[in-house]
Amino acid sequence: MTKTHPVVIYSLYFPVIILTLYYGNVYKDIPVLTESGLFLAGLFTWTLFEYSIHRFLFHYLAETSRGKKIVYAIHGVHHEYPRDKERLFMPPVPSIIIASIFFLFFFTL
Ligand SMILES: [Zn+2]
């Protein structure tokens, strides 16, 4: 549950990106230039979110041993094995949960 190959994440999200852009352009009449701007805004927003969650959650200074184990399991193991390419990306299950929350939030606006 803490390892995933980068190809898994790419193959999960590239189709979603392509289909979402296609859906927006064809079915919602969003111009390509607007989609491009929204795509860049999404990249910026995601980068900011990722930085914030990394800074404040993944490196949370837990005081209890249970808390330290949780922080280690969530992210500490990534720093323990920084050259392990299968620990560069968030595993699919939590990634899909977080992405679904974002997706539902932005599609219900
Ligand atoms: Zn870190």
# chains A, B, ... in the order shown; residues from 1 in each chain; ligands from 1

call {"tool": "residues_near_ligand", "arguments": {"ligand": "ligand 1", "cutoff": "9 Å", "atoms": "only C-alpha atoms and all ligand atoms", "output": "PyMOL selection string"}}
result
chain A and resi 54-55+58-59+75-76+78-79

call {"tool": "select_by_dssp", "arguments": {"residues": "segment 5-99 of chain A", "states": "alpha helix (DSSP H)", "output": "PyMOL selection string"}}
result
chain A and resi 6-26+32-53+65-71+77-80+92-99

call {"tool": "residues_around", "arguments": {"residues": "segment 41-52 of chain A", "least_positions_apart": "4", "cutoff": "12 Å", "atoms": "only C-alpha atoms", "output": "PDB file with N, CA and C atoms, in the first residue's frame"}}
result
ATOM      1  N   ILE A  17      -7.500  13.215 -17.594  1.00  0.00           N
ATOM      2  CA  ILE A  17      -7.191  14.567 -18.084  1.00  0.00           C
ATOM      3  C   ILE A  17      -7.698  14.743 -19.518  1.00  0.00           C
ATOM      4  N   THR A  34      -9.490  28.778 -23.072  1.00  0.00           N
ATOM      5  CA  THR A  34      -9.996  28.804 -21.691  1.00  0.00           C
ATOM      6  C   THR A  34      -9.601  27.521 -20.969  1.00  0.00           C
ATOM      7  N   GLU A  35      -9.748  26.392 -21.662  1.00  0.00           N
ATOM      8  CA  GLU A  35      -9.345  25.122 -21.049  1.00  0.00           C
ATOM      9  C   GLU A  35      -7.860  25.122 -20.709  1.00  0.00           C
ATOM     10  N   SER A  36      -7.062  25.695 -21.595  1.00  0.00           N
ATOM     11  CA  SER A  36      -5.621  25.760 -21.342  1.00  0.00           C
ATOM     12  C   SER A  36      -5.332  26.574 -20.087  1.00  0.00           C
ATOM     13  N   GLY A  37      -6.026  27.712 -19.956  1.00  0.00           N
ATOM     14  CA  GLY A  37      -5.849  28.535 -18.764  1.00  0.00           C
ATOM     15  C   GLY A  37      -6.302  27.813 -17.510  1.00  0.00           C
ATOM     16  N   PHE A  56       2.471  20.486   6.038  1.00  0.00           N
ATOM     17  CA  PHE A  56       1.732  20.496   7.299  1.00  0.00           C
ATOM     18  C   PHE A  56       1.202  19.138   7.732  1.00  0.00           C
ATOM     19  N   LEU A  57       1.010  18.202   6.819  1.00  0.00           N
ATOM     20  CA  LEU A  57       0.488  16.892   7.206  1.00  0.00           C
ATOM     21  C   LEU A  57       1.574  15.818   7.151  1.00  0.00           C
ATOM     22  N   PHE A  58       2.259  15.732   6.035  1.00  0.00           N
ATOM     23  CA  PHE A  58       3.248  14.661   5.871  1.00  0.00           C
ATOM     24  C   PHE A  58       4.439  14.820   6.816  1.00  0.00           C
ATOM     25  N   HIS A  59       4.757  16.035   7.209  1.00  0.00           N
ATOM     26  CA  HIS A  59       5.868  16.268   8.127  1.00  0.00           C
ATOM     27  C   HIS A  59       5.357  16.734   9.492  1.00  0.00           C
ATOM     28  N   TYR A  60       4.152  16.335   9.812  1.00  0.00           N
ATOM     29  CA  TYR A  60       3.577  16.667  11.110  1.00  0.00           C
ATOM     30  C   TYR A  60       4.450  16.065  12.218  1.00  0.00           C
ATOM     31  N   PHE A  89       5.369   8.498  -5.909  1.00  0.00           N
ATOM     32  CA  PHE A  89       3.979   8.907  -6.089  1.00  0.00           C
ATOM     33  C   PHE A  89       3.110   8.325  -4.985  1.00  0.00           C
ATOM     34  N   MET A  90       2.035   9.036  -4.720  1.00  0.00           N
ATOM     35  CA  MET A  90       1.078   8.519  -3.750  1.00  0.00           C
ATOM     36  C   MET A  90       0.430   7.258  -4.338  1.00  0.00           C
ATOM     37  N   SER A  95      -4.737   8.246  -3.501  1.00  0.00           N
ATOM     38  CA  SER A  95      -4.723   9.214  -4.593  1.00  0.00           C
ATOM     39  C   SER A  95      -6.109   9.354  -5.217  1.00  0.00           C
ATOM     40  N   ILE A  98      -8.515  11.237  -2.783  1.00  0.00           N
ATOM     41  CA  ILE A  98      -8.281  12.688  -2.777  1.00  0.00           C
ATOM     42  C   ILE A  98      -8.735  13.304  -4.104  1.00  0.00           C
ATOM     43  N   ALA A  99      -8.388  12.648  -5.217  1.00  0.00           N
ATOM     44  CA  ALA A  99      -8.793  13.166  -6.528  1.00  0.00           C
ATOM     45  C   ALA A  99     -10.314  13.200  -6.650  1.00  0.00           C
ATOM     46  N   PHE A 102     -11.677  16.230  -4.811  1.00  0.00           N
ATOM     47  CA  PHE A 102     -11.462  17.425  -5.638  1.00  0.00           C
ATOM     48  C   PHE A 102     -12.443  17.452  -6.803  1.00  0.00           C
ATOM     49  N   PHE A 103     -12.567  16.316  -7.478  1.00  0.00           N
ATOM     50  CA  PHE A 103     -13.432  16.226  -8.648  1.00  0.00           C
ATOM     51  C   PHE A 103     -14.870  16.570  -8.282  1.00  0.00           C
ATOM     52  N   PHE A 106     -15.221  20.413  -7.393  1.00  0.00           N
ATOM     53  CA  PHE A 106     -15.186  21.357  -8.505  1.00  0.00           C
ATOM     54  C   PHE A 106     -16.310  21.127  -9.499  1.00  0.00           C
TER      55      PHE A 106
END

call {"tool": "atom_distance", "arguments": {"atom1": "atom CA of Ile96 of chain A", "atom2": "atom CA of Tyr13 of chain A"}}
result
9.4 Å

call {"tool": "atom_distance", "arguments": {"atom1": "atom CA of Pro91 of chain A", "atom2": "atom CA of Lys68 of chain A"}}
result
19.8 Å

call {"tool": "decode", "arguments": {"residues": "segment 57-89 of chain A", "atoms": "N, CA and C atoms", "output": "compact mmCIF listing (two decimals), in the first residue's frame"}}
result
# COMPACT_ATOMS: atom_id res chain seq x y z
N LEU A 57 1.01 18.20 6.82
CA LEU A 57 0.49 16.89 7.21
C LEU A 57 1.57 15.82 7.15
N PHE A 58 2.26 15.73 6.03
CA PHE A 58 3.25 14.66 5.87
C PHE A 58 4.44 14.82 6.82
N HIS A 59 4.76 16.03 7.21
CA HIS A 59 5.87 16.27 8.13
C HIS A 59 5.36 16.73 9.49
N TYR A 60 4.15 16.33 9.81
CA TYR A 60 3.58 16.67 11.11
C TYR A 60 4.45 16.07 12.22
N LEU A 61 4.75 16.87 13.21
CA LEU A 61 5.59 16.41 14.32
C LEU A 61 4.70 15.77 15.39
N ALA A 62 4.43 14.51 15.21
CA ALA A 62 3.58 13.79 16.17
C ALA A 62 4.32 13.59 17.48
N GLU A 63 3.57 13.60 18.55
CA GLU A 63 4.19 13.44 19.87
C GLU A 63 4.03 12.03 20.41
N THR A 64 2.99 11.34 19.99
CA THR A 64 2.79 9.97 20.47
C THR A 64 3.47 8.98 19.53
N SER A 65 3.77 7.81 20.03
CA SER A 65 4.42 6.81 19.18
C SER A 65 3.46 6.35 18.07
N ARG A 66 2.17 6.28 18.39
CA ARG A 66 1.19 5.91 17.36
C ARG A 66 1.14 6.95 16.25
N GLY A 67 1.15 8.22 16.65
CA GLY A 67 1.15 9.30 15.67
C GLY A 67 2.40 9.27 14.80
N LYS A 68 3.54 9.00 15.43
CA LYS A 68 4.79 8.92 14.66
C LYS A 68 4.75 7.77 13.66
N LYS A 69 4.15 6.66 14.06
CA LYS A 69 4.03 5.52 13.14
C LYS A 69 3.14 5.87 11.95
N ILE A 70 2.06 6.58 12.22
CA ILE A 70 1.15 6.96 11.14
C ILE A 70 1.84 7.91 10.17
N VAL A 71 2.53 8.92 10.71
CA VAL A 71 3.24 9.87 9.84
C VAL A 71 4.31 9.15 9.03
N TYR A 72 5.00 8.20 9.67
CA TYR A 72 6.02 7.43 8.96
C TYR A 72 5.40 6.60 7.84
N ALA A 73 4.28 5.95 8.14
CA ALA A 73 3.64 5.10 7.12
C ALA A 73 3.11 5.94 5.97
N ILE A 74 2.59 7.14 6.28
CA ILE A 74 2.03 7.99 5.22
C ILE A 74 3.13 8.57 4.34
N HIS A 75 4.21 9.06 4.96
CA HIS A 75 5.19 9.78 4.16
C HIS A 75 6.64 9.55 4.58
N GLY A 76 6.90 9.29 5.84
CA GLY A 76 8.27 9.15 6.33
C GLY A 76 9.06 8.09 5.59
N VAL A 77 8.37 7.02 5.23
CA VAL A 77 9.04 5.94 4.51
C VAL A 77 9.59 6.44 3.17
N HIS A 78 8.92 7.41 2.57
CA HIS A 78 9.39 8.00 1.31
C HIS A 78 10.76 8.65 1.52
N HIS A 79 10.96 9.33 2.65
CA HIS A 79 12.24 9.98 2.91
C HIS A 79 13.31 8.97 3.34
N GLU A 80 12.87 7.85 3.90
CA GLU A 80 13.82 6.83 4.31
C GLU A 80 14.43 6.14 3.08
N TYR A 81 13.65 6.05 2.01
CA TYR A 81 14.13 5.43 0.76
C TYR A 81 13.93 6.42 -0.40
N PRO A 82 14.67 7.53 -0.40
CA PRO A 82 14.40 8.58 -1.40
C PRO A 82 14.69 8.17 -2.84
N ARG A 83 15.51 7.15 -3.05
CA ARG A 83 15.84 6.74 -4.43
C ARG A 83 14.93 5.63 -4.94
N ASP A 84 14.01 5.19 -4.11
CA ASP A 84 13.07 4.15 -4.52
C ASP A 84 12.01 4.78 -5.42
N LYS A 85 12.06 4.46 -6.71
CA LYS A 85 11.14 5.09 -7.67
C LYS A 85 9.68 4.70 -7.43
N GLU A 86 9.45 3.63 -6.71
CA GLU A 86 8.08 3.23 -6.44
C GLU A 86 7.48 3.95 -5.23
N ARG A 87 8.27 4.85 -4.63
CA ARG A 87 7.76 5.64 -3.51
C ARG A 87 7.72 7.12 -3.85
N LEU A 88 7.77 7.45 -5.14
CA LEU A 88 7.73 8.85 -5.55
C LEU A 88 6.31 9.37 -5.65
N PHE A 89 5.37 8.50 -5.91
CA PHE A 89 3.98 8.91 -6.09
C PHE A 89 3.11 8.33 -4.98
